[in-house]
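Q: So I've got this file, upload_17.cif, and it contains mmCIF, C-alpha atoms:
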```cif
data_upload
#
loop_
_atom_site.label_atom_id
_atom_site.label_comp_id
_atom_site.auth_asym_id
_atom_site.auth_seq_id
_atom_site.Cartn_x
_atom_site.Cartn_y
_atom_site.Cartn_z
CA MET A 1 -47.56 37.17 43.11
CA ALA A 2 -49.09 40.43 44.31
CA ILE A 3 -49.20 41.55 47.99
CA ILE A 4 -51.72 44.25 48.67
CA SER A 5 -51.40 44.67 52.43
CA ASP A 6 -50.98 42.82 55.75
CA ILE A 7 -53.66 42.06 58.33
CA GLN A 8 -53.25 40.79 61.83
CA GLU A 9 -56.44 39.88 63.68
CA GLU A 10 -56.33 39.53 67.44
CA GLN A 11 -58.69 37.16 69.21
CA SER A 12 -60.08 38.70 72.43
CA SER A 13 -59.95 36.40 75.45
CA PRO A 14 -62.91 35.92 77.76
CA GLU A 15 -61.00 37.84 80.37
CA THR A 16 -60.66 40.88 78.14
CA LYS A 17 -62.59 43.77 79.45
CA PRO A 18 -65.20 45.38 77.23
CA SER A 19 -63.23 48.56 77.04
CA GLN A 20 -60.10 46.67 76.09
CA ALA A 21 -62.05 44.63 73.49
CA ALA A 22 -63.41 47.78 71.95
CA ALA A 23 -59.92 49.29 71.84
CA ALA A 24 -58.52 46.10 70.35
CA SER A 25 -61.31 46.06 67.77
CA SER A 26 -60.58 49.65 66.84
CA SER A 27 -56.84 48.95 66.63
CA SER A 28 -57.46 45.78 64.60
CA SER A 29 -59.60 47.59 62.01
CA SER A 30 -56.84 50.10 61.40
CA LYS A 31 -54.18 47.47 60.75
CA ALA A 32 -53.28 46.12 57.27
CA ALA A 33 -54.66 42.94 55.67
CA THR A 34 -52.71 40.46 53.53
CA PHE A 35 -53.78 39.68 49.95
CA THR A 36 -52.05 37.05 47.86
CA ALA A 37 -52.84 36.23 44.21
CA LYS A 38 -51.21 35.20 40.93
CA LEU A 39 -51.50 37.20 37.73
CA ASP A 40 -52.69 35.23 34.71
CA ARG A 41 -51.51 37.39 31.78
CA SER A 42 -54.12 35.82 29.49
CA ASN A 43 -56.88 36.97 31.87
CA PRO A 44 -55.71 40.07 33.80
CA LEU A 45 -59.29 40.98 34.74
CA GLY A 46 -59.38 37.93 36.99
CA LEU A 47 -56.83 39.56 39.28
CA VAL A 48 -58.74 42.86 39.22
CA GLU A 49 -61.92 41.03 40.23
CA LYS A 50 -60.17 39.31 43.15
CA VAL A 51 -58.71 42.61 44.33
CA LEU A 52 -62.13 44.23 44.30
CA GLU A 53 -63.68 41.26 46.16
CA PHE A 54 -60.91 41.46 48.77
CA LEU A 55 -61.50 45.20 49.09
CA ALA A 56 -65.23 44.64 49.57
CA GLN A 57 -64.64 41.98 52.25
CA GLU A 58 -62.02 43.84 54.22
CA SER A 59 -63.35 47.40 54.02
CA ASP A 60 -66.43 49.55 53.66
CA PHE A 61 -65.16 51.06 50.40
CA PHE A 62 -68.00 49.77 48.21
CA LYS A 63 -70.61 51.04 50.66
CA LYS A 64 -69.79 54.53 49.48
CA GLU A 65 -71.89 55.95 46.63
CA THR A 66 -68.76 57.24 44.91
CA ALA A 67 -67.00 53.82 44.88
CA GLU A 68 -67.67 53.08 41.20
CA ARG A 69 -66.59 56.55 40.07
CA GLU A 70 -63.42 56.39 42.09
CA VAL A 71 -62.47 52.97 40.63
CA ALA A 72 -63.26 54.23 37.13
CA SER A 73 -61.20 57.36 37.78
CA ILE A 74 -58.20 55.24 38.79
CA ALA A 75 -58.61 53.13 35.65
CA ARG A 76 -58.76 56.25 33.44
CA ALA A 77 -55.67 57.71 35.10
CA LEU A 78 -53.74 54.48 34.56
CA ARG A 79 -54.89 54.32 30.91
CA GLU A 80 -53.82 57.92 30.31
CA LYS A 81 -50.43 57.18 31.88
CA GLU A 82 -50.02 54.14 29.60
CA ARG A 83 -51.10 56.16 26.54
CA LYS A 84 -48.49 58.82 27.25
CA LYS A 85 -45.88 56.13 27.67
CA GLU A 86 -46.77 54.60 24.26
CA GLU A 87 -46.75 58.03 22.62
CA GLU A 88 -43.31 58.74 24.06
CA GLU A 89 -42.01 55.41 22.74
CA ARG A 90 -43.44 56.15 19.26
CA LYS A 91 -41.79 59.56 19.34
CA LYS A 92 -38.44 57.99 20.20
CA ARG A 93 -38.83 55.44 17.38
CA ARG A 94 -39.64 58.23 14.88
CA GLN A 95 -36.62 60.24 15.99
CA ALA A 96 -34.40 57.16 15.68
CA GLU A 97 -35.78 56.46 12.17
CA GLU A 98 -35.24 60.09 11.10
CA GLU A 99 -31.68 60.01 12.42
CA ARG A 100 -31.07 56.74 10.55
CA LYS A 101 -32.38 58.24 7.29
CA GLU A 102 -30.32 61.44 7.73
CA LYS A 103 -27.23 59.33 8.34
CA ALA A 104 -27.96 57.21 5.24
CA GLU A 105 -28.50 60.34 3.11
CA ALA A 106 -25.26 61.86 4.39
CA GLU A 107 -23.35 58.66 3.58
CA LYS A 108 -24.95 58.49 0.11
CA LYS A 109 -24.11 62.13 -0.58
CA SER A 110 -20.52 61.70 0.56
CA SER A 111 -20.14 58.61 -1.65
CA GLU A 112 -21.64 60.41 -4.69
CA GLU A 113 -19.36 63.44 -4.43
CA PRO A 114 -16.22 61.53 -5.54
CA LYS A 115 -18.23 59.99 -8.43
CA ALA A 116 -19.37 63.44 -9.55
CA GLU A 117 -15.78 64.65 -9.38
CA VAL A 118 -14.62 61.67 -11.44
CA LYS A 119 -17.38 62.29 -13.98
CA LYS A 120 -16.37 65.94 -14.18
CA GLU A 121 -12.75 64.94 -14.73
CA GLU A 122 -13.83 62.47 -17.43
CA THR A 123 -15.87 65.21 -19.16
CA VAL A 124 -12.89 67.56 -19.05
CA GLU A 125 -10.67 64.78 -20.35
CA GLU A 126 -13.10 64.08 -23.21
CA GLY A 127 -13.12 67.79 -24.02
CA LYS A 128 -9.33 67.80 -24.18
CA LYS A 129 -9.35 64.76 -26.45
CA GLU A 130 -11.88 66.47 -28.72
CA GLU A 131 -9.69 69.57 -28.89
CA GLU A 132 -6.66 67.44 -29.69
CA SER A 133 -8.44 65.39 -32.37
CA GLY A 134 -10.47 68.32 -33.70
CA LEU A 135 -13.64 66.15 -33.71
CA ARG A 136 -16.85 67.14 -31.95
CA VAL A 137 -19.52 65.08 -30.24
CA PRO A 138 -22.62 64.75 -32.48
CA ASN A 139 -25.90 66.33 -31.45
CA LYS A 140 -28.97 64.19 -30.78
CA GLY A 141 -29.60 63.96 -34.52
CA ASN A 142 -26.07 62.67 -35.23
CA GLY A 143 -25.11 65.99 -36.80
CA LEU A 144 -23.87 69.28 -35.41
CA ASP A 145 -25.29 72.60 -34.16
CA LEU A 146 -23.36 75.51 -35.65
CA GLU A 147 -23.68 79.26 -35.24
CA LYS A 148 -25.79 79.92 -38.35
CA TYR A 149 -27.39 76.54 -38.95
CA SER A 150 -27.68 72.99 -37.64
CA TRP A 151 -27.79 69.66 -39.40
CA THR A 152 -28.82 66.10 -38.56
CA GLN A 153 -28.53 62.85 -40.46
CA SER A 154 -29.56 59.25 -40.90
CA LEU A 155 -27.74 56.82 -43.17
CA GLN A 156 -30.06 57.80 -46.04
CA GLU A 157 -30.60 61.55 -45.58
CA VAL A 158 -29.23 64.82 -44.22
CA ASN A 159 -31.54 67.50 -42.87
CA VAL A 160 -30.34 71.11 -42.59
CA VAL A 161 -32.21 73.78 -40.58
CA ILE A 162 -31.31 77.47 -41.10
CA PRO A 163 -33.06 80.15 -38.99
CA VAL A 164 -34.36 83.10 -41.07
CA PRO A 165 -36.18 86.34 -40.16
CA THR A 166 -39.82 85.81 -39.23
CA GLY A 167 -42.13 86.23 -42.20
CA THR A 168 -39.53 85.29 -44.81
CA LYS A 169 -41.18 84.36 -48.12
CA SER A 170 -39.95 81.76 -50.57
CA ARG A 171 -39.16 84.42 -53.18
CA PHE A 172 -36.46 85.83 -50.91
CA VAL A 173 -34.70 82.47 -50.61
CA VAL A 174 -31.70 81.52 -52.72
CA CYS A 175 -31.12 77.75 -52.60
CA GLU A 176 -28.98 75.86 -55.12
CA ILE A 177 -28.68 72.09 -54.61
CA LYS A 178 -26.15 70.25 -56.78
CA LYS A 179 -24.62 66.79 -56.68
CA ASN A 180 -21.55 67.92 -54.73
CA HIS A 181 -22.37 71.50 -53.79
CA LEU A 182 -24.88 73.40 -51.63
CA LYS A 183 -25.53 77.13 -51.63
CA PHE A 184 -28.12 78.83 -49.43
CA GLY A 185 -28.85 82.44 -48.52
CA LEU A 186 -31.32 85.29 -48.77
CA LYS A 187 -31.45 87.72 -51.67
CA GLY A 188 -29.23 90.75 -51.24
CA GLN A 189 -27.22 89.10 -48.45
CA PRO A 190 -24.01 87.01 -48.34
CA PRO A 191 -24.73 83.25 -48.55
CA ILE A 192 -25.08 81.41 -45.23
CA ILE A 193 -23.89 78.11 -46.75
CA ASP A 194 -21.73 77.90 -49.84
CA GLY A 195 -19.43 74.93 -50.15
CA GLU A 196 -18.64 71.44 -51.35
CA LEU A 197 -20.76 68.76 -49.66
CA PHE A 198 -19.03 66.10 -47.57
CA GLN A 199 -20.25 63.48 -50.02
CA ALA A 200 -22.37 63.35 -53.16
CA ILE A 201 -26.18 63.55 -53.05
CA LYS A 202 -29.09 62.85 -55.39
CA PRO A 203 -30.27 66.35 -56.44
CA ASP A 204 -33.56 65.06 -57.87
CA ASP A 205 -34.50 63.61 -54.48
CA CYS A 206 -33.73 66.79 -52.53
CA TYR A 207 -35.99 69.73 -51.64
CA TRP A 208 -36.32 72.69 -49.28
CA SER A 209 -39.25 74.32 -47.46
CA ILE A 210 -40.00 77.18 -45.07
CA GLU A 211 -41.04 76.01 -41.61
CA ASP A 212 -43.28 78.28 -39.49
CA GLN A 213 -42.01 81.30 -41.51
CA SER A 214 -38.94 81.37 -39.25
CA ALA A 215 -36.63 78.64 -40.57
CA VAL A 216 -35.75 76.92 -43.82
CA SER A 217 -35.43 73.12 -43.85
CA ILE A 218 -33.34 71.44 -46.55
CA LEU A 219 -33.56 67.69 -47.12
CA LEU A 220 -30.61 66.07 -48.89
CA THR A 221 -30.73 62.44 -50.03
CA LYS A 222 -27.33 60.76 -49.79
CA HIS A 223 -25.89 58.97 -52.81
CA ASN A 224 -23.88 56.59 -50.59
CA GLN A 225 -26.32 55.42 -47.93
CA MET A 226 -23.83 53.28 -46.03
CA GLU A 227 -21.68 55.96 -44.41
CA TRP A 228 -22.08 58.73 -41.84
CA TRP A 229 -21.10 62.26 -42.82
CA LYS A 230 -18.52 64.02 -40.64
CA SER A 231 -19.69 67.48 -41.72
CA LEU A 232 -22.26 69.08 -44.00
CA VAL A 233 -19.75 70.88 -46.21
CA LYS A 234 -16.01 70.38 -46.36
CA GLY A 235 -14.09 72.80 -44.14
CA ASP A 236 -16.80 72.91 -41.45
CA PRO A 237 -16.14 71.39 -37.98
CA GLU A 238 -16.32 67.60 -38.11
CA ILE A 239 -18.07 65.17 -35.77
CA ASP A 240 -16.73 61.93 -34.31
CA THR A 241 -18.72 59.34 -36.26
CA GLN A 242 -17.78 56.65 -33.72
CA LYS A 243 -20.16 58.42 -31.31
CA VAL A 244 -23.10 58.42 -33.72
CA GLU A 245 -26.18 56.73 -32.24
CA PRO A 246 -28.71 55.72 -34.93
CA GLU A 247 -32.28 55.01 -33.88
CA PRO A 248 -32.84 51.23 -33.66
CA SER A 249 -36.42 51.63 -34.88
CA LYS A 250 -35.17 52.93 -38.23
CA LEU A 251 -33.38 49.65 -38.99
CA SER A 252 -36.70 47.93 -39.55
CA ASP A 253 -37.30 50.21 -42.55
CA LEU A 254 -34.21 48.89 -44.37
CA ASP A 255 -33.98 45.86 -46.65
CA SER A 256 -32.24 42.80 -45.20
CA GLU A 257 -28.89 43.40 -46.96
CA THR A 258 -28.69 47.07 -45.95
CA ARG A 259 -29.81 46.26 -42.43
CA GLN A 260 -27.05 43.67 -42.02
CA THR A 261 -24.49 46.19 -43.23
CA VAL A 262 -25.75 48.86 -40.81
CA GLU A 263 -25.79 46.44 -37.88
CA LYS A 264 -22.23 45.39 -38.74
CA MET A 265 -21.13 49.04 -38.80
CA MET A 266 -22.78 49.73 -35.44
CA PHE A 267 -21.18 46.63 -33.91
CA ASP A 268 -17.73 47.62 -35.23
CA GLN A 269 -18.13 51.15 -33.84
CA ARG A 270 -19.00 49.84 -30.37
CA GLN A 271 -16.09 47.39 -30.47
CA LYS A 272 -13.65 50.18 -31.43
CA GLN A 273 -14.92 52.41 -28.60
CA MET A 274 -14.25 49.59 -26.12
CA GLY A 275 -10.87 48.76 -27.64
CA LEU A 276 -12.10 45.36 -28.84
CA PRO A 277 -11.63 43.65 -32.23
CA THR A 278 -14.07 44.46 -35.04
CA SER A 279 -16.13 41.78 -36.79
CA GLU A 280 -13.51 41.54 -39.57
CA GLU A 281 -10.68 41.17 -37.04
CA MET A 282 -12.65 38.53 -35.15
CA GLN A 283 -13.21 36.61 -38.38
CA LYS A 284 -9.47 36.68 -39.09
CA GLN A 285 -8.76 35.42 -35.57
CA GLU A 286 -11.15 32.51 -36.06
CA ILE A 287 -9.50 31.59 -39.36
CA LEU A 288 -6.06 31.66 -37.72
CA LYS A 289 -7.25 29.52 -34.78
CA LYS A 290 -8.71 26.97 -37.17
CA PHE A 291 -5.52 26.88 -39.24
CA MET A 292 -3.41 26.48 -36.06
CA SER A 293 -5.52 23.55 -34.87
CA GLU A 294 -5.15 21.87 -38.25
CA HIS A 295 -1.35 22.37 -38.28
CA PRO A 296 -0.07 21.75 -34.74
CA GLU A 297 3.41 21.03 -36.10
CA MET A 298 3.86 24.69 -37.11
CA ASP A 299 5.12 27.51 -34.85
CA PHE A 300 2.67 30.42 -34.66
CA SER A 301 4.29 32.27 -31.74
CA ARG A 302 5.24 35.20 -33.98
CA ALA A 303 2.04 35.23 -36.05
CA LYS A 304 0.24 38.56 -36.20
CA ILE A 305 -3.19 39.43 -37.54
CA GLN A 306 -3.25 42.45 -39.85
#
```
Turn this file's structure into structure tokens for me.
A:
Amino acid sequence: MAIISDIQEEQSSPETKPSQAAAASSSSSSKAATFTAKLDRSNPLGLVEKVLEFLAQESDFFKKETAEREVASIARALREKERKKEEEERKKRRQAEEERKEKAEAEKKSSEEPKAEVKKEETVEEGKKEEESGLRVPNKGNGLDLEKYSWTQSLQEVNVVIPVPTGTKSRFVVCEIKKNHLKFGLKGQPPIIDGELFQAIKPDDCYWSIEDQSAVSILLTKHNQMEWWKSLVKGDPEIDTQKVEPEPSKLSDLDSETRQTVEKMMFDQRQKQMGLPTSEEMQKQEILKKFMSEHPEMDFSRAKIQ
């Protein structure tokens, strides 16, 4: 309910003198008038219309030429006030959202710091273990990067890359590939590689080439294509073959028997890393369980699987 103003109209009696009536009329016109109405929120313009009708009836406001402009000016001022209010509310919401995000980022950062510290400690611990065992983590090609050369491997082949001076020609290269021995160097210089290979190779299926006149690539075909090499030549630093990661896509190139063997090796390596039984140990456990179920009268409390 909205109350605009109060009005009290006095009725002049017949005895009222003209001068008194005029004074009363003047006093009455200056007093307030009462306006009562209900606001229908679904149709707010209805209230505005009633207010304007009341204003027209009780005053000379709409007789002025500037009446429409003045009403429009009031409406614009109210709209501008409402717009500023909405803008202020949006600003507050944005600030609250930014504060929430900053708080979430701070919490995330604080929670990640201990994890990073743990990871760093684990890396240091792994480094200590490597030093103690003498084994190194393989490079991305399951080999090792050394000072004068690097090597990578698959189950079938070993690839050796030796940097050489730019512009080196094949006639300056000394490369001897034998079943159990590899020698490589440049004429007039001490050999870069000269030692017994980790395992035997097939010399007839091996070759070398100069790549981009800046490196020599040697491809060695393994004789035993079921095992990973720990080093290129004996006496060099060895890798931890349990951390070798063969490319899954290469398995599709193998025959079914070889593929099964490789998959078994990969499974056993993962099981060992997690401290779990290998496929052979699991098979022994199954045999023991079956035997125990068939002979419940026997005591297996001290039985051990070896």
Q: Would you pick out the contacts of segment 236-244 of chain A at 12 Å or less, using all atoms listed in the file, so that residues sharing its chain but fewer than 3 positions from it are not included, and give the list as a PyMOL selection string?
A: chain A and resi 126+129-131+133-155+193-198+227-233+247+265-274
Q: Quick one: pull the distance between atom CA of Glu86 of chain A and atom CA of Lys50 of chain A, Å, one decimal.
A: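 Atom CA of Lys50 of chain A lies at a distance of 27.8 Å from atom CA of Glu86 of chain A.
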Q: With only C-alpha atoms as the atoms that count, which of A:Ile287, A:Ile210, A:Arg83, A:Leu220 lies nearest to Asn180 of chain A?
A: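 That would be A:Leu220, the residue with the smallest distance to Asn180 of chain A.
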Q: What does the distance from atom CA of Thr166 of chain A to atom CA of Trp208 of chain A come to in Å, to one decimal?
A: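 Taking atom CA of Thr166 of chain A and atom CA of Trp208 of chain A, their separation equals 16.9 Å.
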Q: Write out as a list in words each polymer residue whose atoms come within 12 Å of Asp205 of chain A, counting only C-alpha atoms; drop sequence neighbours fewer than 5 positions from it.
A: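 Final neighbour list, sorted by chain and number: Gln156, Glu157, Val158, Ile177, Lys178, Lys179, Ile218, Leu219, Leu220, Thr221, Lys222 and His223 of chain A.
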Q: Produce a file of the selected residues containing C-alpha atoms, as a tab-separated table (two decimals), in the coordinates of the input.
A:
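Below you can see part00.tsv, which holds the result:
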```tsv
chain	number	residue	atom	x	y	z
A	156	GLN	CA	-30.06	57.80	-46.04
A	157	GLU	CA	-30.60	61.55	-45.58
A	158	VAL	CA	-29.23	64.82	-44.22
A	177	ILE	CA	-28.68	72.09	-54.61
A	178	LYS	CA	-26.15	70.25	-56.78
A	179	LYS	CA	-24.62	66.79	-56.68
A	218	ILE	CA	-33.34	71.44	-46.55
A	219	LEU	CA	-33.56	67.69	-47.12
A	220	LEU	CA	-30.61	66.07	-48.89
A	221	THR	CA	-30.73	62.44	-50.03
A	222	LYS	CA	-27.33	60.76	-49.79
A	223	HIS	CA	-25.89	58.97	-52.81
```
Q: Go ahead and compute the interatomic distance for atom CA of Ser59 of chain A and atom CA of Asp40 of chain A, in Å to one decimal.
A: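 Result for atom CA of Ser59 of chain A versus atom CA of Asp40 of chain A: 25.2 Å, one decimal.
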Q: Which residue gives the smallest distance to Val71 of chain A among A:Glu112, A:Glu99, A:Glu87, A:Glu49, with all atoms listed in the file counted?
A: A:Glu49
Q: If you take every atom of segment 133-145 of chain A that the file lists and fit an axis-aligned box around them with 5 Å extra on each side, what centre and edge lengths come out in Å to one decimal, as JSON?
A:
```
{"center_x": -19.0, "center_y": 67.6, "center_z": -33.5, "size_x": 31.2, "size_y": 19.9, "size_z": 16.6}
```
Q: Give me the result of the PyMOL selection byres ((chain A and resi 280-283) around 12) on this file, residue by residue, as a ChimeraX atom specification.
A: /A:264-265,267-268,271-272,276-279,284-290,304-306
Q: Please check which residues have atoms at most 7 Å from (-33.0, 75.8, -39.4) in the file's coordinates, counting all atoms listed in the file, and write them as a tab-separated table (two decimals) with C-alpha atoms, in the coordinates of the input.
A:
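Printed below is point.tsv as written:
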```tsv
chain	number	residue	atom	x	y	z
A	149	TYR	CA	-27.39	76.54	-38.95
A	150	SER	CA	-27.68	72.99	-37.64
A	160	VAL	CA	-30.34	71.11	-42.59
A	161	VAL	CA	-32.21	73.78	-40.58
A	162	ILE	CA	-31.31	77.47	-41.10
A	163	PRO	CA	-33.06	80.15	-38.99
A	215	ALA	CA	-36.63	78.64	-40.57
A	216	VAL	CA	-35.75	76.92	-43.82
A	217	SER	CA	-35.43	73.12	-43.85
```
